[in-house]
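Some notes on the structure that comes next.
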Amino acid sequence: MVAQRLPPEPKGAEITAPALYARRREFLARAGAFIGTSAGLGAGLTWLSERGGVSSGPPGTPPAPPPAPFGQASPWSPLTPSPFSVPRGEATAFDAVTTYNNFYELGLSKSAPARNAGSLRTAPWTVRIEGEVHAPQTVDVDDLTRWFPLEERVYRMRCVEAWSMVIPWVGFPLSSLLARVKPTSHARFVQFTTLLDPEQLPGQTSAVLDWPYVEGLRLDEAMHPLTLLAVGLYGTPLLGQNGAPIRLVVPWKYGFKSCKSIVSIALTRERPKTTWAAAGPSEYGFYANVNPAVDHPRWSQGSERRIGKLERIDTLAFNGYADAVAHLYGGMDLTQNF
Amino acid sequence: MRRSDWLQPAVLTGTLAPFAILAVRAATGGLGVNPVETALHRLGLLALVLLVASLLCTPLKLVTGAKWPLKLRKTLGLAAFFSALAHLLVYVALDQGFAWRTLAKDVSSRPFIAVGLAAVVVMTPLALTSTKRALQRLGPKRWQALHRLAYLAGVLAVVHYVMRVKADVREPVIYAVILGASFAVRLLLGKKARGPSSPA
C-alpha cells in the first residue's frame with residue numbers, strides 16, 4: 001500500500017489577498033459581461049454576415065437521393081445516350097447541382113431552394129399546351145414522359161452570374177412535343193410559364209420579380225435539337241429546387257432562360273415579355289445567348305467559375321455549342337440582341 | 001481597474017469571432033459548393049456591418065450621453081477596414097486569380113467595383129492614422145477632419161452593396177436607412193452638443 005501524501009501547503013504568495021477575494025463577485029460579473037458581450041457580438045456579426053449567402057449545412061434539407069449510375073437504378077432505364085452530351089465524367093457533383101440553385105420562387109439565396117422545395121407538390125402535374133397550335137391540350141407530365149423516349153443529355157449550364165456546372169439531364173427534345181401538337185402558321189415564338197402559387201412557391205409573396213416567371217424562345221430556337229424539356233437529372237426525377245417536375249434546358253443560353261416548374265407552353269405570334277428582360281432590360285436580354293464578348297454591365301462574361309473547381313475557366317461562345325446554333329443568329333448584331 | 005475595462009477587449013474578441021468562424025468553415029468545407037463566392041460575400045457584408053457599427057458610435061453617444069460608445073469606434077472601424085481589405089484580397093486573388101487586365105477593366109468599366117475599391121481606398125488613411133501618435137502629430141482638428149471620410153466610406157459601401165444585388169434591394173436598403181438615420185442624429189444633435197466652442 002502506497003502511503004498517502006498530502007499536497008504541499010500553498011506558498012504565501014499564492015494565497016488570494018483578502019481584498020481581492022472580497023471582489024470576486026465583481027470579477028465574476030465582469031467576466032460574465034466580457035463573455036456575454038464578445039459572444040453576443042460575435043454571434044450577431046456572424047449572423048449578419050451570413051444573411052443572403054450560402055448557409056453551411058442548410059437545416060431541414062431533405063436527404064437527396066443518391067445519383068444513379070448511368071442507365072441503372074433509374075425509373076426510366078434504359079436511357080438513350082445522346083451525341084450532344086459532353087463526357088459524363090465532367091459532370092458537377094450531384095450535391096452541388098441540388099444545393100446551389102437560383103430559383104427565386106423558393107428563396108433568394110443559393111441554398112434556400114433546396115431548403116424550401118418541400119412545399120412544391122410536383123404530382124399530379126399537368127402542362128397546358130396552348131396558343132397557336134392545332135392540338136391545344138392539357139397533358140399530364142407522366143404522359144409526356146411516356147410519349148417520347150427519354151435521353152440522357154450531359155450539358156454545360158452557364159449562369160448569367162458567371163458560374164457554371166455540367167449537368168446530366170434526363171428529358172426529351174422540345175421539338176418532339178411541338179411536332180406532336182402542330183404549331184399553326186402564325187406561331188413565331190414559344191412562351192413558357194412557371195407555376196403561380198405562393199403557397200407552393202413562397203418566394204412569390206415577395207415582389208422581387210413579376211410573377212409568374214415567364215420565359216420565351218423564337219420558334220426556330222425552340223425547335224433546335226439541343227433544346228430539351230427535362231424531367232430528371234443524374235437518372236432520378238428532378239427535385240423541386242431544380243424545377244420539378246418539368247423544366248426547359250437551353251444549353252447555349254444563360255441559365256435564366258431555362259424556365260422551371262412549367263405549367264404552360266404557349267405558341268405565340270408576338271415575342272413573349274420575359275421576366276428578367278422586363279426586370280432589367282439593360283442587363284438581361286431576350287436572347288441571352290452565352291457570349292464572352294458581351295459583358296454584363298456589372299461584371300465580365302469572359303470567364304466563369306465551374307462549380308467544384310477553384311480557378312476560373314474561359315467562357316465559350318454559345319457556351320461551347322456555337323457549331324450547332326450560331327447559324328440561328330446569322331446577320332444579327334449580338335451586341336444589340338444580347 | 002476601471003469598471004468598463006472589460007468592454008474593449010470583449011468587443012475586440014467579438015469582432016474577431018466571425019473571422020475565426022469563416023476560417024474554420026473554409027478549412028472544413030463548410031462554405032458550400034462555391035466557397036470563393038461565399039467567402040467574398042461574407043467578408044463584404046462583415047465589413048459593411050462593422051463600418052456601419054463604427055459610424056453608430058457617435059450618434060449613440062449623442063443620444064444616450066454615455067461615453068463608452070466612443071471607446072469602441074476605433075476597434076470597430078479597424079475591424080471594418082481589415083474585413084474590407086480581406087474582401088478585396090479574396091476578389092483579387094481567389095476570385096480573379098490576379099488577372100490584372102481583367103481587374104483593371106473591372107475597375108474602369110464597372111461602377112460597382114470602382115465604388116467598392118474607392119471605399120477601401122478612403123478607409124486606408126483612416127486605418128493608418130488610427131494611433132494616438134498619429135492623432136498627436138496631425139492635431140485633433142486635422143485628425144477629425146480627415147476621419148470624417150468615414151462617412152464617405154459608409155456611403156460608398158452601401159452604394160456598392162445596392163449596385164451588386166440583382167433584384168432584391170431590401171437588405172442593402174436596411175443599411176442605407178440605418179446610415180441615413182445616424183447622419184440625421186449627428187446633424188440634429190451634433191451641433192447642439194458641440195456648441196460654439198471648439199470640439200471636444
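Each chain in the C-alpha cells gets a letter, A, B and so on, in the order shown; residues start at 1 in every chain, and ligands are counted from 1 in the order they appear.
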
Residues within 10 Å of A:Pro83, only C-alpha atoms, excluding chain neighbours under 2 positions, as a VMD selection string = chain A and resid 80 to 81 85 to 87 152 to 154

Write down as a ChimeraX atom specification the residues belonging to stretch 6-197 of chain B that are assigned alpha helix (DSSP H) by DSSP computed on the backbone.
-> /B:7-27,35-64,68-89,100-109,111-128,132-138,140-147,149-164,170-194

Could the residues in this selection be saved with C-alpha atoms as a compact mmCIF listing (two decimals), in the first residue's frame?
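This is the output file out_34.txt:
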```
# COMPACT_ATOMS: atom_id res chain seq x y z
CA LEU B 7 -15.62 46.30 -22.73
CA GLN B 8 -12.94 46.98 -25.32
CA PRO B 9 -11.32 43.52 -25.15
CA ALA B 10 -14.79 41.99 -25.29
CA VAL B 11 -15.64 43.95 -28.45
CA LEU B 12 -12.30 43.03 -29.99
CA THR B 13 -12.91 39.34 -29.25
CA GLY B 14 -16.43 39.59 -30.64
CA THR B 15 -15.30 41.21 -33.89
CA LEU B 16 -12.58 38.60 -34.38
CA ALA B 17 -15.05 35.73 -33.89
CA PRO B 18 -16.68 35.91 -37.36
CA PHE B 19 -13.22 35.80 -38.99
CA ALA B 20 -12.32 32.72 -36.96
CA ILE B 21 -15.65 31.07 -37.81
CA LEU B 22 -15.17 31.87 -41.50
CA ALA B 23 -11.64 30.45 -41.42
CA VAL B 24 -12.80 27.24 -39.75
CA ARG B 25 -15.65 26.83 -42.25
CA ALA B 26 -13.31 27.48 -45.18
CA ALA B 27 -10.91 24.83 -43.88
CA PRO B 35 -16.65 28.75 -51.38
CA VAL B 36 -14.92 31.71 -53.03
CA GLU B 37 -18.20 33.49 -53.67
CA THR B 38 -19.45 32.71 -50.16
CA ALA B 39 -16.27 33.99 -48.50
CA LEU B 40 -16.34 37.07 -50.71
CA HIS B 41 -19.92 37.90 -49.78
CA ARG B 42 -19.46 37.23 -46.07
CA LEU B 43 -16.33 39.39 -45.77
CA GLY B 44 -18.01 42.19 -47.69
CA LEU B 45 -21.11 42.08 -45.55
CA LEU B 46 -18.99 41.87 -42.40
CA ALA B 47 -17.05 44.97 -43.48
CA LEU B 48 -20.29 46.84 -44.09
CA VAL B 49 -21.82 45.82 -40.76
CA LEU B 50 -18.67 46.80 -38.84
CA LEU B 51 -18.35 50.08 -40.71
CA VAL B 52 -21.96 51.00 -40.02
CA ALA B 53 -21.49 49.93 -36.38
CA SER B 54 -18.44 52.18 -36.05
CA LEU B 55 -20.43 55.06 -37.52
CA LEU B 56 -23.23 54.45 -35.00
CA CYS B 57 -20.93 55.07 -32.00
CA THR B 58 -21.04 58.86 -32.13
CA PRO B 59 -24.84 59.11 -32.61
CA LEU B 60 -25.25 56.64 -29.75
CA LYS B 61 -23.15 58.88 -27.52
CA LEU B 62 -25.16 61.93 -28.63
CA VAL B 63 -28.47 60.23 -27.88
CA THR B 64 -27.59 58.49 -24.60
CA TRP B 68 -18.42 54.27 -23.72
CA PRO B 69 -19.51 54.05 -27.40
CA LEU B 70 -16.63 56.32 -28.41
CA LYS B 71 -14.13 53.85 -26.98
CA LEU B 72 -15.38 51.20 -29.40
CA ARG B 73 -15.22 53.35 -32.51
CA LYS B 74 -11.57 52.63 -33.26
CA THR B 75 -11.85 48.86 -32.71
CA LEU B 76 -14.93 48.62 -34.92
CA GLY B 77 -13.50 50.92 -37.57
CA LEU B 78 -10.24 48.98 -37.78
CA ALA B 79 -12.10 45.67 -37.92
CA ALA B 80 -14.23 47.11 -40.76
CA PHE B 81 -11.08 48.12 -42.62
CA PHE B 82 -9.48 44.71 -42.23
CA SER B 83 -12.57 42.84 -43.41
CA ALA B 84 -12.86 45.22 -46.37
CA LEU B 85 -9.22 44.54 -47.17
CA ALA B 86 -9.78 40.77 -46.86
CA HIS B 87 -12.87 41.12 -49.09
CA LEU B 88 -10.75 42.92 -51.71
CA LEU B 89 -7.95 40.34 -51.45
CA TRP B 100 -4.65 42.12 -63.64
CA ARG B 101 -6.01 43.03 -67.08
CA THR B 102 -9.47 41.78 -66.20
CA LEU B 103 -9.21 43.56 -62.85
CA ALA B 104 -8.21 46.84 -64.47
CA LYS B 105 -11.12 46.51 -66.88
CA ASP B 106 -13.44 45.69 -63.98
CA VAL B 107 -12.45 48.83 -62.10
CA SER B 108 -12.58 51.11 -65.14
CA SER B 109 -15.79 49.87 -66.71
CA PRO B 111 -19.01 51.35 -61.39
CA PHE B 112 -19.99 48.81 -58.74
CA ILE B 113 -16.42 47.56 -58.45
CA ALA B 114 -14.92 51.06 -58.70
CA VAL B 115 -17.18 52.22 -55.86
CA GLY B 116 -16.16 49.28 -53.69
CA LEU B 117 -12.49 49.92 -54.35
CA ALA B 118 -13.00 53.61 -53.54
CA ALA B 119 -14.45 52.64 -50.16
CA VAL B 120 -11.29 50.67 -49.30
CA VAL B 121 -9.06 53.48 -50.58
CA VAL B 122 -10.94 56.01 -48.43
CA MET B 123 -10.64 53.81 -45.35
CA THR B 124 -6.90 53.25 -45.74
CA PRO B 125 -5.63 56.64 -44.41
CA LEU B 126 -8.11 56.34 -41.54
CA ALA B 127 -6.67 52.97 -40.54
CA LEU B 128 -3.11 54.31 -40.89
CA LYS B 132 -2.63 58.03 -30.63
CA ARG B 133 0.67 59.19 -32.12
CA ALA B 134 -0.96 59.97 -35.45
CA LEU B 135 -3.63 61.94 -33.63
CA GLN B 136 -0.95 63.96 -31.83
CA ARG B 137 1.06 64.53 -34.96
CA LEU B 138 -1.92 65.69 -37.02
CA PRO B 140 -7.13 66.97 -33.21
CA LYS B 141 -8.67 69.35 -35.72
CA ARG B 142 -6.97 67.98 -38.81
CA TRP B 143 -7.32 64.44 -37.49
CA GLN B 144 -11.06 64.88 -37.05
CA ALA B 145 -11.45 66.45 -40.48
CA LEU B 146 -9.60 63.51 -42.02
CA HIS B 147 -11.68 60.98 -40.13
CA LEU B 149 -14.02 60.43 -44.50
CA ALA B 150 -15.53 57.52 -42.58
CA TYR B 151 -18.98 58.89 -43.54
CA LEU B 152 -17.95 58.80 -47.18
CA ALA B 153 -16.69 55.22 -46.79
CA GLY B 154 -20.04 54.25 -45.27
CA VAL B 155 -21.98 55.77 -48.16
CA LEU B 156 -19.68 54.15 -50.74
CA ALA B 157 -20.03 50.76 -49.06
CA VAL B 158 -23.83 50.92 -49.08
CA VAL B 159 -23.88 52.11 -52.71
CA HIS B 160 -21.53 49.24 -53.65
CA TYR B 161 -23.93 46.78 -51.98
CA VAL B 162 -27.05 48.28 -53.61
CA MET B 163 -25.40 48.08 -57.04
CA ARG B 164 -24.29 44.50 -56.54
CA ARG B 170 -34.30 45.09 -49.33
CA GLU B 171 -31.19 44.12 -47.39
CA PRO B 172 -28.99 46.96 -48.68
CA VAL B 173 -31.84 49.42 -48.12
CA ILE B 174 -31.86 48.47 -44.42
CA TYR B 175 -28.22 49.55 -44.16
CA ALA B 176 -28.92 52.72 -46.12
CA VAL B 177 -31.74 53.61 -43.72
CA ILE B 178 -29.59 52.94 -40.61
CA LEU B 179 -26.77 55.03 -42.06
CA GLY B 180 -29.19 57.82 -43.00
CA ALA B 181 -30.68 57.80 -39.50
CA SER B 182 -27.23 58.02 -37.93
CA PHE B 183 -26.37 61.02 -40.12
CA ALA B 184 -29.64 62.68 -39.15
CA VAL B 185 -28.86 62.23 -35.45
CA ARG B 186 -25.44 63.79 -35.93
CA LEU B 187 -26.87 66.77 -37.76
CA LEU B 188 -29.67 67.34 -35.26
CA LEU B 189 -27.82 66.69 -32.01
CA GLY B 190 -24.19 67.17 -33.05
CA LYS B 191 -24.36 70.94 -33.41
CA LYS B 192 -26.13 71.41 -30.09
CA ALA B 193 -23.64 69.23 -28.27
CA ARG B 194 -20.63 70.89 -29.86
```

Could I get the residues of chain A with an atom no further than 6 Å from an atom of chain B, each paired with its nearest atom pair and that distance in Å to one decimal, using only C-alpha atoms, sorted by chain and residue number, as a tab-separated table?
```
residue	atom	partner	partner_atom	distance
A:Phe34	CA	B:Ala10	CA	5.1
A:Thr37	CA	B:Ala10	CA	5.9
A:Ser38	CA	B:Gly14	CA	4.0
A:Ala39	CA	B:Gly14	CA	6.0
A:Leu41	CA	B:Gly14	CA	5.0
A:Gly42	CA	B:Gly14	CA	4.1
A:Thr46	CA	B:Pro18	CA	5.0
A:Ser49	CA	B:Arg42	CA	4.9
A:Glu50	CA	B:Arg42	CA	5.8
A:Ser56	CA	B:Gly30	CA	5.2
A:Ala96	CA	B:Val33	CA	5.7
A:Val208	CA	B:Asp168	CA	5.5
A:Arg298	CA	B:Arg110	CA	5.4
```

Tell me which protein, DNA and RNA residues are within 12 Å of A:Ser109, counting only C-alpha atoms, leaving out same-chain ones fewer than 2 positions away, and put them as a VMD selection string.
-> (chain A and resid 50 to 55 58 99 to 107 111 to 116 203 241) or (chain B and resid 32 38 41 165 to 168)

Keeping N, CA and C atoms, export the residues of the selection given above as a PDB file, in the first residue's frame.
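File again.pdb, as written:
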```pdb
ATOM      1  N   GLU A  50     -23.777  36.343 -42.682  1.00  0.00           N
ATOM      2  CA  GLU A  50     -24.184  35.131 -43.411  1.00  0.00           C
ATOM      3  C   GLU A  50     -25.546  35.278 -44.058  1.00  0.00           C
ATOM      4  N   ARG A  51     -26.199  36.415 -43.826  1.00  0.00           N
ATOM      5  CA  ARG A  51     -27.526  36.607 -44.407  1.00  0.00           C
ATOM      6  C   ARG A  51     -27.437  36.674 -45.928  1.00  0.00           C
ATOM      7  N   GLY A  52     -28.391  36.030 -46.570  1.00  0.00           N
ATOM      8  CA  GLY A  52     -28.451  36.106 -48.028  1.00  0.00           C
ATOM      9  C   GLY A  52     -27.378  35.294 -48.721  1.00  0.00           C
ATOM     10  N   GLY A  53     -26.527  34.652 -47.954  1.00  0.00           N
ATOM     11  CA  GLY A  53     -25.472  33.867 -48.578  1.00  0.00           C
ATOM     12  C   GLY A  53     -25.801  32.389 -48.539  1.00  0.00           C
ATOM     13  N   VAL A  54     -24.766  31.603 -48.736  1.00  0.00           N
ATOM     14  CA  VAL A  54     -24.945  30.156 -48.659  1.00  0.00           C
ATOM     15  C   VAL A  54     -24.742  29.765 -47.202  1.00  0.00           C
ATOM     16  N   SER A  55     -25.746  29.254 -46.565  1.00  0.00           N
ATOM     17  CA  SER A  55     -25.551  28.822 -45.187  1.00  0.00           C
ATOM     18  C   SER A  55     -24.923  27.444 -45.207  1.00  0.00           C
ATOM     19  N   PRO A  58     -27.505  23.492 -44.744  1.00  0.00           N
ATOM     20  CA  PRO A  58     -28.854  24.024 -44.606  1.00  0.00           C
ATOM     21  C   PRO A  58     -29.735  23.115 -43.759  1.00  0.00           C
ATOM     22  N   THR A  99     -27.975  21.637 -54.442  1.00  0.00           N
ATOM     23  CA  THR A  99     -27.987  22.545 -53.283  1.00  0.00           C
ATOM     24  C   THR A  99     -27.554  23.967 -53.622  1.00  0.00           C
ATOM     25  N   TYR A 100     -27.154  24.206 -54.858  1.00  0.00           N
ATOM     26  CA  TYR A 100     -26.698  25.539 -55.261  1.00  0.00           C
ATOM     27  C   TYR A 100     -27.571  25.956 -56.438  1.00  0.00           C
ATOM     28  N   ASN A 101     -28.658  26.631 -56.148  1.00  0.00           N
ATOM     29  CA  ASN A 101     -29.663  26.891 -57.184  1.00  0.00           C
ATOM     30  C   ASN A 101     -30.158  28.325 -57.154  1.00  0.00           C
ATOM     31  N   ASN A 102     -30.475  28.824 -58.334  1.00  0.00           N
ATOM     32  CA  ASN A 102     -31.223  30.074 -58.445  1.00  0.00           C
ATOM     33  C   ASN A 102     -32.659  29.716 -58.789  1.00  0.00           C
ATOM     34  N   PHE A 103     -33.548  29.873 -57.825  1.00  0.00           N
ATOM     35  CA  PHE A 103     -34.974  29.627 -58.076  1.00  0.00           C
ATOM     36  C   PHE A 103     -35.684  30.532 -57.073  1.00  0.00           C
ATOM     37  N   TYR A 104     -35.840  31.818 -57.477  1.00  0.00           N
ATOM     38  CA  TYR A 104     -36.305  32.837 -56.537  1.00  0.00           C
ATOM     39  C   TYR A 104     -37.668  32.495 -55.937  1.00  0.00           C
ATOM     40  N   GLU A 105     -38.456  31.682 -56.651  1.00  0.00           N
ATOM     41  CA  GLU A 105     -39.766  31.301 -56.122  1.00  0.00           C
ATOM     42  C   GLU A 105     -39.626  30.470 -54.843  1.00  0.00           C
ATOM     43  N   LEU A 106     -38.425  29.884 -54.645  1.00  0.00           N
ATOM     44  CA  LEU A 106     -38.196  29.089 -53.429  1.00  0.00           C
ATOM     45  C   LEU A 106     -37.154  29.743 -52.532  1.00  0.00           C
ATOM     46  N   GLY A 107     -36.881  31.024 -52.739  1.00  0.00           N
ATOM     47  CA  GLY A 107     -35.938  31.727 -51.871  1.00  0.00           C
ATOM     48  C   GLY A 107     -34.821  32.363 -52.669  1.00  0.00           C
ATOM     49  N   SER A 111     -28.838  28.541 -51.356  1.00  0.00           N
ATOM     50  CA  SER A 111     -29.166  27.344 -50.578  1.00  0.00           C
ATOM     51  C   SER A 111     -30.649  27.257 -50.237  1.00  0.00           C
ATOM     52  N   ALA A 112     -31.364  28.383 -50.355  1.00  0.00           N
ATOM     53  CA  ALA A 112     -32.774  28.381 -49.948  1.00  0.00           C
ATOM     54  C   ALA A 112     -33.658  27.428 -50.763  1.00  0.00           C
ATOM     55  N   PRO A 113     -33.510  27.370 -52.095  1.00  0.00           N
ATOM     56  CA  PRO A 113     -34.415  26.485 -52.846  1.00  0.00           C
ATOM     57  C   PRO A 113     -34.389  25.038 -52.354  1.00  0.00           C
ATOM     58  N   ALA A 114     -33.191  24.511 -52.039  1.00  0.00           N
ATOM     59  CA  ALA A 114     -33.112  23.126 -51.551  1.00  0.00           C
ATOM     60  C   ALA A 114     -33.836  22.993 -50.212  1.00  0.00           C
ATOM     61  N   ARG A 115     -33.730  24.048 -49.384  1.00  0.00           N
ATOM     62  CA  ARG A 115     -34.383  24.020 -48.068  1.00  0.00           C
ATOM     63  C   ARG A 115     -35.893  24.090 -48.185  1.00  0.00           C
ATOM     64  N   ASN A 116     -36.373  24.888 -49.147  1.00  0.00           N
ATOM     65  CA  ASN A 116     -37.805  25.187 -49.205  1.00  0.00           C
ATOM     66  C   ASN A 116     -38.575  24.336 -50.204  1.00  0.00           C
ATOM     67  N   GLY A 203     -41.695  32.146 -52.407  1.00  0.00           N
ATOM     68  CA  GLY A 203     -40.963  33.320 -52.866  1.00  0.00           C
ATOM     69  C   GLY A 203     -41.838  34.276 -53.663  1.00  0.00           C
ATOM     70  N   GLN A 241     -35.988  22.076 -56.209  1.00  0.00           N
ATOM     71  CA  GLN A 241     -35.037  23.175 -56.408  1.00  0.00           C
ATOM     72  C   GLN A 241     -34.487  23.225 -57.819  1.00  0.00           C
TER      73      GLN A 241
ATOM     74  N   GLY B  32     -20.129  25.711 -48.601  1.00  0.00           N
ATOM     75  CA  GLY B  32     -20.970  25.375 -49.745  1.00  0.00           C
ATOM     76  C   GLY B  32     -20.150  25.043 -50.976  1.00  0.00           C
ATOM     77  N   THR B  38     -18.913  32.602 -51.511  1.00  0.00           N
ATOM     78  CA  THR B  38     -19.447  32.707 -50.160  1.00  0.00           C
ATOM     79  C   THR B  38     -18.523  33.534 -49.275  1.00  0.00           C
ATOM     80  N   HIS B  41     -18.708  37.228 -50.253  1.00  0.00           N
ATOM     81  CA  HIS B  41     -19.923  37.904 -49.778  1.00  0.00           C
ATOM     82  C   HIS B  41     -19.896  38.116 -48.267  1.00  0.00           C
ATOM     83  N   VAL B 165     -26.536  43.798 -55.870  1.00  0.00           N
ATOM     84  CA  VAL B 165     -27.635  42.836 -55.841  1.00  0.00           C
ATOM     85  C   VAL B 165     -28.382  42.840 -57.162  1.00  0.00           C
ATOM     86  N   LYS B 166     -28.950  41.697 -57.493  1.00  0.00           N
ATOM     87  CA  LYS B 166     -29.583  41.514 -58.794  1.00  0.00           C
ATOM     88  C   LYS B 166     -30.996  42.079 -58.804  1.00  0.00           C
ATOM     89  N   ALA B 167     -31.768  41.735 -57.809  1.00  0.00           N
ATOM     90  CA  ALA B 167     -33.165  42.178 -57.842  1.00  0.00           C
ATOM     91  C   ALA B 167     -33.650  42.603 -56.470  1.00  0.00           C
ATOM     92  N   ASP B 168     -33.114  41.980 -55.435  1.00  0.00           N
ATOM     93  CA  ASP B 168     -33.659  42.189 -54.102  1.00  0.00           C
ATOM     94  C   ASP B 168     -32.833  43.225 -53.362  1.00  0.00           C
TER      95      ASP B 168
END
```

Neighbours of stretch 246-249 of chain A within 7 Å (only C-alpha atoms; same-chain residues fewer than 2 positions away dropped), as a list in words?
->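 Near neighbours after the sequence-gap exclusion: Thr227, Leu228, Leu229, Ala230, Val231, Gly243, Ala244, Pro251, Ser258, Cys259, Lys260, Ser261 and Ile262 of chain A.
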
Distance atom CA of A:Thr275-atom CA of A:Val166, one decimal place?
->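 Separation between atom CA of A:Thr275 and atom CA of A:Val166: 24.7 Å.
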
Can you pull out the residues contacting A:Ser303? Cut-off 12 Å, using only C-alpha atoms, and skip same-chain residues under 6 positions away; I want them as an mmCIF file with C-alpha atoms, in the first residue's frame.
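Heads up, here's the output in around_12.cif:
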```
data_model
loop_
_atom_site.group_PDB
_atom_site.id
_atom_site.type_symbol
_atom_site.label_atom_id
_atom_site.label_comp_id
_atom_site.auth_asym_id
_atom_site.auth_seq_id
_atom_site.Cartn_x
_atom_site.Cartn_y
_atom_site.Cartn_z
ATOM 1 C CA ARG A 158 -23.747 28.672 -67.698
ATOM 2 C CA CYS A 159 -25.434 31.086 -65.290
ATOM 3 C CA VAL A 160 -25.514 34.790 -66.161
ATOM 4 C CA GLU A 161 -23.798 35.312 -62.780
ATOM 5 C CA ALA A 162 -20.595 33.815 -64.254
ATOM 6 C CA TRP A 163 -20.657 30.395 -62.625
ATOM 7 C CA SER A 164 -21.297 27.140 -64.423
ATOM 8 C CA VAL A 290 -23.843 32.869 -73.695
ATOM 9 C CA ASN A 291 -21.379 35.345 -75.158
ATOM 10 C CA PRO A 292 -17.933 36.022 -73.664
ATOM 11 C CA ALA A 293 -17.620 39.080 -75.918
ATOM 12 C CA VAL A 294 -20.648 40.895 -74.474
ATOM 13 C CA ASP A 295 -20.194 41.678 -70.794
ATOM 14 C CA HIS A 296 -22.950 42.068 -68.298
ATOM 15 C CA GLU A 311 -9.759 28.533 -60.797
ATOM 16 C CA ARG A 312 -11.828 30.319 -63.415
ATOM 17 C CA ILE A 313 -12.171 28.939 -66.952
ATOM 18 C CA ASP A 314 -12.782 30.806 -70.203
ATOM 19 C CA THR A 315 -16.399 31.137 -71.246
ATOM 20 C CA LEU A 316 -17.086 29.757 -74.721
ATOM 21 C CA ALA A 317 -19.217 31.403 -77.395
ATOM 22 C CA ASN A 319 -21.433 28.021 -74.180
ATOM 23 C CA ASP B 95 -11.985 35.128 -57.466
ATOM 24 C CA GLN B 96 -9.964 36.663 -60.303
ATOM 25 C CA GLY B 97 -6.684 34.790 -59.758
ATOM 26 C CA ALA B 99 -5.793 38.503 -63.679
ATOM 27 C CA THR B 102 -9.467 41.781 -66.196
#
```
